[in-house]
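Engineer: Hey, dropping target_37.cif in here, mmCIF, C-alpha atoms and all ligand atoms; chains and numbers go by the auth columns:
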```cif
data_coords
#
loop_
_atom_site.group_PDB
_atom_site.id
_atom_site.type_symbol
_atom_site.label_atom_id
_atom_site.label_comp_id
_atom_site.label_asym_id
_atom_site.label_seq_id
_atom_site.Cartn_x
_atom_site.Cartn_y
_atom_site.Cartn_z
_atom_site.B_iso_or_equiv
_atom_site.auth_seq_id
_atom_site.auth_asym_id
ATOM 1 C CA MET A 1 117.854 74.924 48.707 0.00 264 M
ATOM 2 C CA PRO A 2 116.610 77.962 50.697 0.00 265 M
ATOM 3 C CA ILE A 3 114.808 77.115 53.915 0.00 266 M
ATOM 4 C CA ALA A 4 111.416 78.847 54.321 0.00 267 M
ATOM 5 C CA MET A 5 111.433 80.718 57.624 0.00 268 M
ATOM 6 C CA HIS A 6 108.126 80.650 59.445 0.00 269 M
ATOM 7 C CA ARG A 7 107.661 83.575 61.797 0.00 270 M
ATOM 8 C CA PRO A 8 104.187 83.348 63.300 0.00 271 M
ATOM 9 C CA GLN A 9 105.236 85.869 65.988 0.00 272 M
ATOM 10 C CA ASP A 10 105.347 88.629 63.342 0.00 273 M
ATOM 11 C CA SER A 11 101.565 88.835 63.218 0.00 274 M
ATOM 12 C CA LEU A 12 101.591 89.797 66.913 0.00 275 M
ATOM 13 C CA SER A 13 103.776 92.883 66.510 0.00 276 M
ATOM 14 C CA HIS A 14 100.665 95.030 65.805 0.00 277 M
ATOM 15 C CA PHE A 15 99.582 95.049 69.438 0.00 278 M
ATOM 16 C CA ASP A 16 101.616 96.424 72.326 0.00 279 M
ATOM 17 C CA SER A 17 100.355 95.966 75.869 0.00 280 M
ATOM 18 C CA ALA A 18 98.731 99.451 75.942 0.00 281 M
ATOM 19 C CA GLU A 19 96.782 98.614 72.784 0.00 282 M
ATOM 20 C CA VAL A 20 95.611 95.359 74.299 0.00 283 M
ATOM 21 C CA GLN A 21 94.233 97.232 77.312 0.00 284 M
ATOM 22 C CA HIS A 22 92.327 99.636 75.009 0.00 285 M
ATOM 23 C CA TYR A 23 91.260 96.964 72.514 0.00 286 M
ATOM 24 C CA ASP A 24 87.668 96.548 73.706 0.00 287 M
ATOM 25 C CA SER A 25 86.965 100.287 73.811 0.00 288 M
ATOM 26 C CA ARG A 26 88.571 100.990 70.390 0.00 289 M
ATOM 27 C CA ILE A 27 87.622 98.067 68.165 0.00 290 M
ATOM 28 C CA PRO A 28 83.893 98.886 67.758 0.00 291 M
ATOM 29 C CA ALA A 29 84.864 102.207 66.120 0.00 292 M
ATOM 30 C CA LEU A 30 87.528 100.643 63.899 0.00 293 M
ATOM 31 C CA VAL A 31 85.356 97.826 62.542 0.00 294 M
ATOM 32 C CA PRO A 32 81.860 99.203 61.862 0.00 295 M
ATOM 33 C CA GLY A 33 79.344 96.599 62.972 0.00 296 M
ATOM 34 C CA TYR A 34 81.869 94.738 65.138 0.00 297 M
ATOM 35 C CA GLN A 35 79.200 93.537 67.571 0.00 298 M
ATOM 36 C CA VAL A 36 76.788 92.680 64.757 0.00 299 M
ATOM 37 C CA LEU A 37 79.556 90.633 63.119 0.00 300 M
ATOM 38 C CA HIS A 38 80.052 88.578 66.282 0.00 301 M
ATOM 39 C CA HIS A 39 76.354 88.176 66.979 0.00 302 M
ATOM 40 C CA SER A 40 75.591 87.254 63.339 0.00 303 M
ATOM 41 C CA SER A 41 78.372 84.705 63.422 0.00 304 M
ATOM 42 C CA ALA A 42 77.131 83.190 66.705 0.00 305 M
ATOM 43 C CA ALA A 43 73.551 83.197 65.369 0.00 306 M
ATOM 44 C CA LEU A 44 74.638 81.306 62.260 0.00 307 M
ATOM 45 C CA LEU A 45 76.403 78.707 64.388 0.00 308 M
ATOM 46 C CA LYS A 46 73.293 78.378 66.527 0.00 309 M
ATOM 47 C CA THR A 47 71.300 77.415 63.433 0.00 310 M
ATOM 48 C CA LEU A 48 73.987 75.004 62.237 0.00 311 M
ATOM 49 C CA LEU A 49 75.124 73.159 65.370 0.00 312 M
ATOM 50 C CA PRO A 50 73.564 70.870 67.951 0.00 313 M
ATOM 51 C CA ALA A 51 73.906 71.610 71.679 0.00 314 M
ATOM 52 C CA GLY A 52 77.221 70.363 73.020 0.00 315 M
ATOM 53 C CA ALA A 53 79.039 70.941 69.712 0.00 316 M
ATOM 54 C CA ARG A 54 82.787 71.592 69.787 0.00 317 M
ATOM 55 C CA VAL A 55 83.863 75.017 68.474 0.00 318 M
ATOM 56 C CA LEU A 56 87.438 76.111 67.752 0.00 319 M
ATOM 57 C CA VAL A 57 88.086 79.849 68.154 0.00 320 M
ATOM 58 C CA ALA A 58 91.294 80.852 66.356 0.00 321 M
ATOM 59 C CA GLY A 59 92.693 84.214 67.485 0.00 322 M
ATOM 60 C CA ALA A 60 90.198 84.620 70.340 0.00 323 M
ATOM 61 C CA GLY A 61 91.541 88.076 71.292 0.00 324 M
ATOM 62 C CA THR A 62 89.723 89.443 74.341 0.00 325 M
ATOM 63 C CA GLY A 63 86.897 86.904 74.091 0.00 326 M
ATOM 64 C CA ALA A 64 84.286 88.517 71.802 0.00 327 M
ATOM 65 C CA GLU A 65 83.455 85.242 69.998 0.00 328 M
ATOM 66 C CA LEU A 66 83.096 83.288 73.252 0.00 329 M
ATOM 67 C CA LEU A 67 80.891 85.940 74.842 0.00 330 M
ATOM 68 C CA ALA A 68 78.701 86.232 71.718 0.00 331 M
ATOM 69 C CA LEU A 69 78.157 82.441 71.642 0.00 332 M
ATOM 70 C CA HIS A 70 77.166 82.631 75.304 0.00 333 M
ATOM 71 C CA ALA A 71 74.880 85.640 74.730 0.00 334 M
ATOM 72 C CA LEU A 72 73.004 83.709 72.037 0.00 335 M
ATOM 73 C CA GLY A 73 72.579 80.736 74.336 0.00 336 M
ATOM 74 C CA LEU A 74 74.644 78.304 72.262 0.00 337 M
ATOM 75 C CA HIS A 75 75.808 75.611 74.667 0.00 338 M
ATOM 76 C CA CYS A 76 79.068 74.411 73.203 0.00 339 M
ATOM 77 C CA GLU A 77 82.522 73.276 74.231 0.00 340 M
ATOM 78 C CA CYS A 78 85.079 75.780 72.995 0.00 341 M
ATOM 79 C CA THR A 79 88.785 75.568 72.314 0.00 342 M
ATOM 80 C CA ALA A 80 90.073 79.155 72.484 0.00 343 M
ATOM 81 C CA VAL A 81 93.444 79.710 70.793 0.00 344 M
ATOM 82 C CA GLU A 82 95.229 83.027 71.314 0.00 345 M
ATOM 83 C CA PRO A 83 98.984 83.615 70.985 0.00 346 M
ATOM 84 C CA MET A 84 99.184 86.934 72.903 0.00 347 M
ATOM 85 C CA PRO A 85 99.278 86.334 76.670 0.00 348 M
ATOM 86 C CA ALA A 86 97.796 89.777 77.477 0.00 349 M
ATOM 87 C CA MET A 87 94.828 89.174 75.131 0.00 350 M
ATOM 88 C CA LEU A 88 94.306 85.685 76.519 0.00 351 M
ATOM 89 C CA ALA A 89 94.381 86.957 80.121 0.00 352 M
ATOM 90 C CA LEU A 90 91.685 89.548 79.348 0.00 353 M
ATOM 91 C CA ALA A 91 89.531 86.981 77.548 0.00 354 M
ATOM 92 C CA ARG A 92 89.819 84.557 80.461 0.00 355 M
ATOM 93 C CA ALA A 93 88.936 87.221 83.028 0.00 356 M
ATOM 94 C CA LYS A 94 85.860 88.311 81.036 0.00 357 M
ATOM 95 C CA CYS A 95 84.679 84.747 80.405 0.00 358 M
ATOM 96 C CA ASP A 96 85.187 83.817 84.078 0.00 359 M
ATOM 97 C CA ALA A 97 83.225 86.901 85.148 0.00 360 M
ATOM 98 C CA ALA A 98 80.399 85.952 82.754 0.00 361 M
ATOM 99 C CA GLY A 99 80.333 82.436 84.224 0.00 362 M
ATOM 100 C CA LEU A 100 81.373 80.695 80.988 0.00 363 M
ATOM 101 C CA ARG A 101 82.350 77.071 81.452 0.00 364 M
ATOM 102 C CA HIS A 102 83.621 74.470 78.994 0.00 365 M
ATOM 103 C CA ILE A 103 86.461 76.529 77.502 0.00 366 M
ATOM 104 C CA ARG A 104 89.816 74.894 76.830 0.00 367 M
ATOM 105 C CA TRP A 105 92.418 77.683 76.626 0.00 368 M
ATOM 106 C CA HIS A 106 95.503 77.417 74.459 0.00 369 M
ATOM 107 C CA GLY A 107 98.102 80.190 74.634 0.00 370 M
ATOM 108 C CA GLY A 108 99.778 79.792 71.236 0.00 371 M
ATOM 109 C CA PHE A 109 99.001 78.977 67.602 0.00 372 M
ATOM 110 C CA VAL A 110 96.438 76.650 66.036 0.00 373 M
ATOM 111 C CA HIS A 111 99.048 74.383 64.430 0.00 374 M
ATOM 112 C CA GLU A 112 100.406 73.648 67.931 0.00 375 M
ATOM 113 C CA LEU A 113 97.117 72.091 69.076 0.00 376 M
ATOM 114 C CA PRO A 114 97.254 68.297 68.999 0.00 377 M
ATOM 115 C CA PRO A 115 95.434 67.068 65.879 0.00 378 M
ATOM 116 C CA PRO A 116 92.193 65.160 66.580 0.00 379 M
ATOM 117 C CA ALA A 117 92.687 61.467 67.278 0.00 380 M
ATOM 118 C CA SER A 118 89.670 60.614 65.074 0.00 381 M
ATOM 119 C CA ALA A 119 87.055 62.362 62.908 0.00 382 M
ATOM 120 C CA GLN A 120 84.647 62.018 65.847 0.00 383 M
ATOM 121 C CA SER A 121 86.863 64.031 68.191 0.00 384 M
ATOM 122 C CA ALA A 122 87.412 66.866 65.681 0.00 385 M
ATOM 123 C CA HIS A 123 85.634 70.225 66.055 0.00 386 M
ATOM 124 C CA ASP A 124 82.128 70.817 64.666 0.00 387 M
ATOM 125 C CA ALA A 125 82.872 74.430 63.688 0.00 388 M
ATOM 126 C CA ALA A 126 85.517 77.144 63.856 0.00 389 M
ATOM 127 C CA LEU A 127 85.611 80.924 64.126 0.00 390 M
ATOM 128 C CA CYS A 128 88.480 83.101 62.939 0.00 391 M
ATOM 129 C CA HIS A 129 87.528 86.751 63.122 0.00 392 M
ATOM 130 C CA LEU A 130 89.765 89.688 62.188 0.00 393 M
ATOM 131 C CA VAL A 131 92.999 87.674 62.354 0.00 394 M
ATOM 132 C CA MET A 132 94.090 86.895 58.801 0.00 395 M
ATOM 133 C CA HIS A 133 94.962 90.450 57.717 0.00 396 M
ATOM 134 C CA PHE A 134 97.717 90.539 60.337 0.00 397 M
ATOM 135 C CA ILE A 135 99.442 87.516 58.825 0.00 398 M
ATOM 136 C CA GLU A 136 101.929 87.531 55.975 0.00 399 M
ATOM 137 C CA PRO A 137 103.067 86.022 53.727 0.00 400 M
ATOM 138 C CA LEU A 138 100.310 84.071 51.960 0.00 401 M
ATOM 139 C CA GLU A 139 101.941 80.769 52.994 0.00 402 M
ATOM 140 C CA ASP A 140 101.430 81.673 56.647 0.00 403 M
ATOM 141 C CA LYS A 141 97.769 82.508 56.029 0.00 404 M
ATOM 142 C CA GLN A 142 97.449 79.105 54.368 0.00 405 M
ATOM 143 C CA ARG A 143 99.224 77.473 57.288 0.00 406 M
ATOM 144 C CA LEU A 144 96.603 78.893 59.679 0.00 407 M
ATOM 145 C CA LEU A 145 93.634 77.890 57.485 0.00 408 M
ATOM 146 C CA THR A 146 95.058 74.407 56.906 0.00 409 M
ATOM 147 C CA ALA A 147 95.645 73.958 60.643 0.00 410 M
ATOM 148 C CA ILE A 148 91.998 74.924 61.259 0.00 411 M
ATOM 149 C CA ALA A 149 90.765 72.555 58.495 0.00 412 M
ATOM 150 C CA GLN A 150 92.769 69.675 60.003 0.00 413 M
ATOM 151 C CA ARG A 151 90.954 70.146 63.316 0.00 414 M
ATOM 152 C CA LEU A 152 87.428 70.234 61.812 0.00 415 M
ATOM 153 C CA LYS A 153 85.043 67.437 60.880 0.00 416 M
ATOM 154 C CA PRO A 154 84.341 67.075 57.141 0.00 417 M
ATOM 155 C CA GLY A 155 81.572 69.508 56.173 0.00 418 M
ATOM 156 C CA ALA A 156 82.064 71.643 59.299 0.00 419 M
ATOM 157 C CA PRO A 157 81.740 75.434 58.905 0.00 420 M
ATOM 158 C CA LEU A 158 84.465 78.015 59.474 0.00 421 M
ATOM 159 C CA LEU A 159 83.197 81.576 59.905 0.00 422 M
ATOM 160 C CA LEU A 160 85.987 83.952 58.988 0.00 423 M
ATOM 161 C CA SER A 161 86.120 87.744 58.778 0.00 424 M
ATOM 162 C CA ASP A 162 88.905 89.889 57.447 0.00 425 M
ATOM 163 C CA LEU A 163 89.909 93.274 56.082 0.00 426 M
ATOM 164 C CA LEU A 164 89.413 93.299 52.305 0.00 427 M
ATOM 165 C CA ALA A 165 92.052 94.516 49.880 0.00 428 M
ATOM 166 C CA SER A 166 90.678 97.700 48.289 0.00 429 M
ATOM 167 C CA ASN A 167 89.273 96.713 44.954 0.00 430 M
ATOM 168 C CA ALA A 168 88.621 99.880 43.048 0.00 431 M
ATOM 169 C CA PRO A 169 89.488 103.547 43.550 0.00 432 M
ATOM 170 C CA TRP A 170 85.784 104.365 43.661 0.00 433 M
ATOM 171 C CA PRO A 171 84.037 104.306 46.026 0.00 434 M
ATOM 172 C CA ASP A 172 86.931 104.853 48.435 0.00 435 M
ATOM 173 C CA GLU A 173 85.894 102.528 51.272 0.00 436 M
ATOM 174 C CA ARG A 174 89.118 103.186 53.203 0.00 437 M
ATOM 175 C CA ALA A 175 88.373 106.946 53.339 0.00 438 M
ATOM 176 C CA ALA A 176 84.791 106.178 54.390 0.00 439 M
ATOM 177 C CA LEU A 177 86.068 103.739 57.025 0.00 440 M
ATOM 178 C CA ILE A 178 88.166 106.508 58.613 0.00 441 M
ATOM 179 C CA GLU A 179 85.174 108.910 58.579 0.00 442 M
ATOM 180 C CA CYS A 180 83.049 106.211 60.140 0.00 443 M
ATOM 181 C CA ALA A 181 85.658 105.501 62.838 0.00 444 M
ATOM 182 C CA VAL A 182 85.755 109.193 63.803 0.00 445 M
ATOM 183 C CA SER A 183 81.962 109.348 63.913 0.00 446 M
ATOM 184 C CA LEU A 184 81.957 106.247 66.150 0.00 447 M
ATOM 185 C CA GLY A 185 84.395 107.796 68.640 0.00 448 M
ATOM 186 C CA MET A 186 87.954 107.494 67.313 0.00 449 M
ATOM 187 C CA PRO A 187 89.816 110.729 68.207 0.00 450 M
ATOM 188 C CA GLU A 188 90.462 113.047 65.229 0.00 451 M
ATOM 189 C CA ALA A 189 94.167 112.903 66.092 0.00 452 M
ATOM 190 C CA ARG A 190 94.305 109.217 65.134 0.00 453 M
ATOM 191 C CA ARG A 191 93.143 109.742 61.536 0.00 454 M
ATOM 192 C CA GLY A 192 96.706 109.846 60.169 0.00 455 M
ATOM 193 C CA LEU A 193 97.763 106.734 62.069 0.00 456 M
ATOM 194 C CA MET A 194 94.702 104.849 60.834 0.00 457 M
ATOM 195 C CA ARG A 195 95.328 105.946 57.226 0.00 458 M
ATOM 196 C CA ALA A 196 98.979 104.852 57.425 0.00 459 M
ATOM 197 C CA ARG A 197 98.049 101.483 58.928 0.00 460 M
ATOM 198 C CA LEU A 198 95.409 100.863 56.283 0.00 461 M
ATOM 199 C CA GLN A 199 97.954 101.697 53.577 0.00 462 M
ATOM 200 C CA ASN A 200 100.929 99.725 54.878 0.00 463 M
ATOM 201 C CA GLY A 201 100.217 97.944 58.135 0.00 464 M
ATOM 202 C CA PHE A 202 98.036 95.013 57.061 0.00 465 M
ATOM 203 C CA PHE A 203 98.044 92.190 54.527 0.00 466 M
ATOM 204 C CA PRO A 204 94.477 92.012 53.200 0.00 467 M
ATOM 205 C CA LEU A 205 93.300 89.772 50.365 0.00 468 M
ATOM 206 C CA HIS A 206 90.905 90.325 47.483 0.00 469 M
ATOM 207 C CA GLU A 207 87.858 88.063 47.580 0.00 470 M
ATOM 208 C CA LYS A 208 89.191 85.981 44.679 0.00 471 M
ATOM 209 C CA GLN A 209 92.492 85.454 46.522 0.00 472 M
ATOM 210 C CA LEU A 210 90.569 84.358 49.595 0.00 473 M
ATOM 211 C CA ALA A 211 88.606 81.853 47.483 0.00 474 M
ATOM 212 C CA ARG A 212 91.867 80.411 46.081 0.00 475 M
ATOM 213 C CA LEU A 213 93.414 80.243 49.549 0.00 476 M
ATOM 214 C CA ALA A 214 90.303 78.539 50.934 0.00 477 M
ATOM 215 C CA ALA A 215 90.434 75.915 48.172 0.00 478 M
ATOM 216 C CA ALA A 216 94.154 75.292 48.774 0.00 479 M
ATOM 217 C CA SER A 217 93.562 74.928 52.527 0.00 480 M
ATOM 218 C CA GLY A 218 90.780 72.336 52.352 0.00 481 M
ATOM 219 C CA PHE A 219 87.634 74.478 52.226 0.00 482 M
ATOM 220 C CA GLU A 220 84.817 74.966 49.739 0.00 483 M
ATOM 221 C CA ALA A 221 84.114 78.350 48.154 0.00 484 M
ATOM 222 C CA PRO A 222 83.491 81.144 50.732 0.00 485 M
ATOM 223 C CA GLN A 223 79.904 82.357 51.095 0.00 486 M
ATOM 224 C CA LEU A 224 79.523 85.985 52.171 0.00 487 M
ATOM 225 C CA PHE A 225 77.416 86.509 55.317 0.00 488 M
ATOM 226 C CA PHE A 226 78.660 89.923 56.495 0.00 489 M
ATOM 227 C CA ARG A 227 79.849 93.072 54.755 0.00 490 M
ATOM 228 C CA THR A 228 80.670 96.528 56.064 0.00 491 M
ATOM 229 C CA LEU A 229 83.120 99.214 54.922 0.00 492 M
ATOM 230 C CA SER A 230 86.353 97.384 53.951 0.00 493 M
ATOM 231 C CA PHE A 231 85.539 94.236 55.981 0.00 494 M
ATOM 232 C CA GLY A 232 83.801 91.018 55.001 0.00 495 M
ATOM 233 C CA GLY A 233 82.713 87.836 56.752 0.00 496 M
ATOM 234 C CA TRP A 234 82.393 84.436 55.018 0.00 497 M
ATOM 235 C CA LEU A 235 81.230 80.934 55.749 0.00 498 M
ATOM 236 C CA LEU A 236 83.680 78.310 54.473 0.00 499 M
ATOM 237 C CA ARG A 237 82.787 74.635 54.653 0.00 500 M
ATOM 238 C CA ARG A 238 85.542 72.106 55.281 0.00 501 M
ATOM 239 C CA ARG A 239 85.628 69.652 52.353 0.00 502 M
HETATM 240 C C1 LIG B . 92.117 92.163 65.826 0.00 601 M
HETATM 241 S S1 LIG B . 92.362 90.862 66.960 0.00 601 M
HETATM 242 C C2 LIG B . 90.854 89.963 66.789 0.00 601 M
HETATM 243 C C3 LIG B . 90.478 89.286 68.073 0.00 601 M
HETATM 244 C C4 LIG B . 89.076 88.681 68.089 0.00 601 M
HETATM 245 N N1 LIG B . 88.980 87.594 67.139 0.00 601 M
HETATM 246 C C5 LIG B . 88.040 89.743 67.796 0.00 601 M
HETATM 247 O O1 LIG B . 87.277 89.600 66.840 0.00 601 M
HETATM 248 O O2 LIG B . 87.987 90.719 68.552 0.00 601 M
HETATM 249 C C6 LIG B . 93.533 89.811 66.159 0.00 601 M
HETATM 250 C C7 LIG B . 93.959 88.664 67.056 0.00 601 M
HETATM 251 O O3 LIG B . 94.641 87.690 66.269 0.00 601 M
HETATM 252 C C8 LIG B . 95.680 87.154 67.051 0.00 601 M
HETATM 253 N N2 LIG B . 96.633 86.545 66.119 0.00 601 M
HETATM 254 C C9 LIG B . 97.598 87.136 65.402 0.00 601 M
HETATM 255 N N3 LIG B . 98.265 86.230 64.655 0.00 601 M
HETATM 256 C C10 LIG B . 97.674 85.034 64.889 0.00 601 M
HETATM 257 C C11 LIG B . 97.900 83.706 64.403 0.00 601 M
HETATM 258 N N4 LIG B . 98.871 83.439 63.527 0.00 601 M
HETATM 259 N N5 LIG B . 97.113 82.714 64.867 0.00 601 M
HETATM 260 C C12 LIG B . 96.120 82.980 65.749 0.00 601 M
HETATM 261 N N6 LIG B . 95.856 84.222 66.251 0.00 601 M
HETATM 262 C C13 LIG B . 96.628 85.228 65.821 0.00 601 M
HETATM 263 C C14 LIG B . 96.212 88.354 67.815 0.00 601 M
HETATM 264 O O4 LIG B . 96.963 87.964 68.948 0.00 601 M
HETATM 265 C C15 LIG B . 94.922 89.077 68.169 0.00 601 M
HETATM 266 O O5 LIG B . 94.395 88.657 69.400 0.00 601 M
#
```
Can the structure from this file be put into structure tokens for me?

Structural biologist:
Amino acid sequence: MPIAMHRPQDSLSHFDSAEVQHYDSRIPALVPGYQVLHHSSAALLKTLLPAGARVLVAGAGTGAELLALHALGLHCECTAVEPMPAMLALARAKCDAAGLRHIRWHGGFVHELPPPASAQSAHDAALCHLVMHFIEPLEDKQRLLTAIAQRLKPGAPLLLSDLLASNAPWPDERAALIECAVSLGMPEARRGLMRARLQNGFFPLHEKQLARLAAASGFEAPQLFFRTLSFGGWLLRRR
């Protein structure tokens, strides 16, 4: 019987150390509404959670989720999970500088976190922004979502955003996304690289595929809360 090889490291090959250093200055042009996404997501959690709630941040990158929660005044205890040491170091430095307390840092993957000892000690919510489209195959996406579900209380929300697979040839959201990126500051010279990456470099899902994956991973049907060119954000409740 063939043995399924799990290679979670593969999803990290998209970022070299130079790209990590430029991440914060480049990402707002590449994902239109990047800051609005994070602030909307933090605002939703603020309406859903009591003070002192426990929030799992999967793929914390350079700390945008943690800083947005802080900016909105949500007092929570966060578990920040990030497999790339350079990303994690930047996130830590920014959160320390902003005076954020109550963050448990985990350099690695969500499935490596110890599972909660009881339903009471599980997380009240999770965030997973702009991570899933780096992961292939589908089984590995499911592995991440299942690992998140296993660390959440029943009924707890997961706010997830991702690149969408292009649905129809018209309107061409990918072409518009590149125009938008240039207008938001991406150098003209990077158009070709962005086009090539959008064509071959990511593993996006259609909304129906995401709904099936959510169901298979222990979540209810995704509810859209954010949409911009080629990207969406959904609220998924843990069953
Ligand atoms: C585009 S960044 C998004 C970072 C942050 N969430 C944000 O919104 O700015 C993608 C992040 O996902 C992380 N990542 C990649 N594969 C992952 C996995 N299997 N589990 C958790 N994080 C992963 C990468 O290291 C990177 O920091």

Engineer: Please report, as CSV, each residue of chain M lying at most 6 Å from ligand LIG 601 (chain M), together with the nearest pair of atoms and the separation in Å rounded to one decimal; use all atoms listed in the file, and order rows by chain and ascending residue number.

Structural biologist:
```
residue,atom,partner,partner_atom,distance
M:Pro271,CA,M:LIG601,N4,5.3
M:Ser274,CA,M:LIG601,N3,4.4
M:Leu275,CA,M:LIG601,C9,5.0
M:Ala321,CA,M:LIG601,C12,5.3
M:Gly322,CA,M:LIG601,N6,3.4
M:Ala323,CA,M:LIG601,N1,4.5
M:Gly324,CA,M:LIG601,O5,3.5
M:Ala327,CA,M:LIG601,O2,5.4
M:Glu345,CA,M:LIG601,N6,5.2
M:Pro346,CA,M:LIG601,O4,5.2
M:Met347,CA,M:LIG601,O4,4.7
M:Met350,CA,M:LIG601,O5,5.8
M:Phe372,CA,M:LIG601,N5,5.0
M:His392,CA,M:LIG601,N1,4.4
M:Leu393,CA,M:LIG601,C2,4.7
M:Val394,CA,M:LIG601,O3,4.2
```

Engineer: Kindly resolve the PyMOL selection byres (((chain M and resi 467) around 9) and not hetatm) on the present coordinates and return the residues as a list in words.

Structural biologist: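 Taken on the displayed file, the PyMOL selection byres (((chain M and resi 467) around 9) and not hetatm) yields the residues Met395, His396, Phe397, Ile398, Asp425, Leu426, Leu427, Ala428, Ser429, Phe465, Phe466, Leu468 and His469 of chain M.
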
Engineer: Run through the PyMOL selection byres (((chain M and resi 300-307) around 7) and not hetatm) on the given coordinates and return the selected residues as a list in words.

Structural biologist: Gly296, Tyr297, Gln298, Val299, Leu308, Lys309, Thr310, Leu311, Ala327, Glu328, Ala331, Leu332, Leu335, Leu422 and Phe489 of chain M

Engineer: Store the residues picked out above, limited to C-alpha atoms, as a PDB file, in the frame of the given file.

Structural biologist:
```
ATOM      1  CA  GLY M 296      79.344  96.599  62.972  1.00  0.00           C
ATOM      2  CA  TYR M 297      81.869  94.738  65.138  1.00  0.00           C
ATOM      3  CA  GLN M 298      79.200  93.537  67.571  1.00  0.00           C
ATOM      4  CA  VAL M 299      76.788  92.680  64.757  1.00  0.00           C
ATOM      5  CA  LEU M 308      76.403  78.707  64.388  1.00  0.00           C
ATOM      6  CA  LYS M 309      73.293  78.378  66.527  1.00  0.00           C
ATOM      7  CA  THR M 310      71.300  77.415  63.433  1.00  0.00           C
ATOM      8  CA  LEU M 311      73.987  75.004  62.237  1.00  0.00           C
ATOM      9  CA  ALA M 327      84.286  88.517  71.802  1.00  0.00           C
ATOM     10  CA  GLU M 328      83.455  85.242  69.998  1.00  0.00           C
ATOM     11  CA  ALA M 331      78.701  86.232  71.718  1.00  0.00           C
ATOM     12  CA  LEU M 332      78.157  82.441  71.642  1.00  0.00           C
ATOM     13  CA  LEU M 335      73.004  83.709  72.037  1.00  0.00           C
ATOM     14  CA  LEU M 422      83.197  81.576  59.905  1.00  0.00           C
ATOM     15  CA  PHE M 489      78.660  89.923  56.495  1.00  0.00           C
TER      16      PHE M 489
END
```

Engineer: Pull out every residue that the PyMOL selection byres (((chain M and resi 494) around 8) and not hetatm) matches in the shown coordinates and put them as a PyMOL selection string.

Structural biologist: chain M and resi 294+424-427+490-493+495-496

Engineer: Mind checking which residues fall within 12 Å of region 360-363 of chain M, counting all atoms listed in the file, ignoring those fewer than 6 positions away in the same chain, and posting them as number ranges by chain?

Structural biologist: M: 326-327, 329-334, 336-341, 353-354

Engineer: How would you write as a list in words the residues that get within 10 Å of (87.7, 63.0, 62.4) in the file's frame, counting only C-alpha atoms?

Structural biologist: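 Every polymer residue passing the test: Pro378, Pro379, Ala380, Ser381, Ala382, Gln383, Ser384, Ala385, His386, Asp387, Gln413, Arg414, Leu415, Lys416 and Pro417 of chain M.
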
Engineer: Have a look at CA of Asp359 (chain M) and CA of Arg289 (chain M) and let me know their distance in Å, one decimal.

Structural biologist: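 About the pair CA of Asp359 (chain M) and CA of Arg289 (chain M): they are 22.2 Å apart.
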
Engineer: Report, in Å to a single decimal, how far apart CA of Val283 (chain M) and CA of Ala452 (chain M) are.

Structural biologist: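 Pair CA of Ala452 (chain M) / CA of Val283 (chain M) returns 19.4 Å.
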
Engineer: One number please: CA of Leu390 (chain M) to CA of Val318 (chain M), in Å, one decimal.

Structural biologist: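 Distance between the two atoms: 7.5 Å.
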
Engineer: Which residue is closest to Ala477 (chain M)? Choose from M:Ala281, M:Leu461, M:Ala292, M:Leu499 and count all atoms listed in the file.

Structural biologist: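 Residue with the minimum atom-to-atom distance to Ala477 (chain M): M:Leu499.
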
Engineer: Quick one: of M:Glu470, M:Leu447, M:Ala479, M:Leu498, who's nearest to Leu293 (chain M), counting only C-alpha atoms?

Structural biologist: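 Distance minimum relative to Leu293 (chain M) lands on M:Leu447.
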
Engineer: Choose the residue, out of M:Thr325, M:Phe278, M:Thr409, M:Arg364, that has the smallest atom-to-atom separation from Ala352 (chain M); count all atoms listed in the file.

Structural biologist: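 Comparing M:Thr325, M:Phe278, M:Thr409, M:Arg364 against Ala352 (chain M), the winner is M:Thr325.
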
Engineer: Counting only C-alpha atoms, I want the residues whose atoms come within 12 Å of (91.5, 70.1, 79.7) in the file frame, returned as a PyMOL selection string.

Structural biologist: chain M and resi 340-343+364-369

Engineer: Kindly complete region 351-357 of chain M to N, CA and C atoms; the output should be written as a short mmCIF file (atom, residue, chain, number, x, y, z; two decimals), in the frame of the given file.

Structural biologist:
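So the final result, stored in part.cif, reads:
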```
data_model
loop_
_atom_site.label_atom_id
_atom_site.label_comp_id
_atom_site.auth_asym_id
_atom_site.auth_seq_id
_atom_site.Cartn_x
_atom_site.Cartn_y
_atom_site.Cartn_z
N LEU M 351 94.87 86.90 75.92
CA LEU M 351 94.31 85.68 76.52
C LEU M 351 93.88 85.95 77.97
N ALA M 352 94.70 86.68 78.71
CA ALA M 352 94.38 86.96 80.12
C ALA M 352 93.09 87.76 80.22
N LEU M 353 92.92 88.75 79.32
CA LEU M 353 91.68 89.55 79.35
C LEU M 353 90.48 88.68 78.99
N ALA M 354 90.64 87.85 77.96
CA ALA M 354 89.53 86.98 77.55
C ALA M 354 89.12 86.07 78.70
N ARG M 355 90.11 85.49 79.34
CA ARG M 355 89.82 84.56 80.46
C ARG M 355 89.08 85.27 81.57
N ALA M 356 89.56 86.48 81.92
CA ALA M 356 88.94 87.22 83.03
C ALA M 356 87.48 87.54 82.68
N LYS M 357 87.23 87.96 81.42
CA LYS M 357 85.86 88.31 81.04
C LYS M 357 84.96 87.07 81.00
#
```
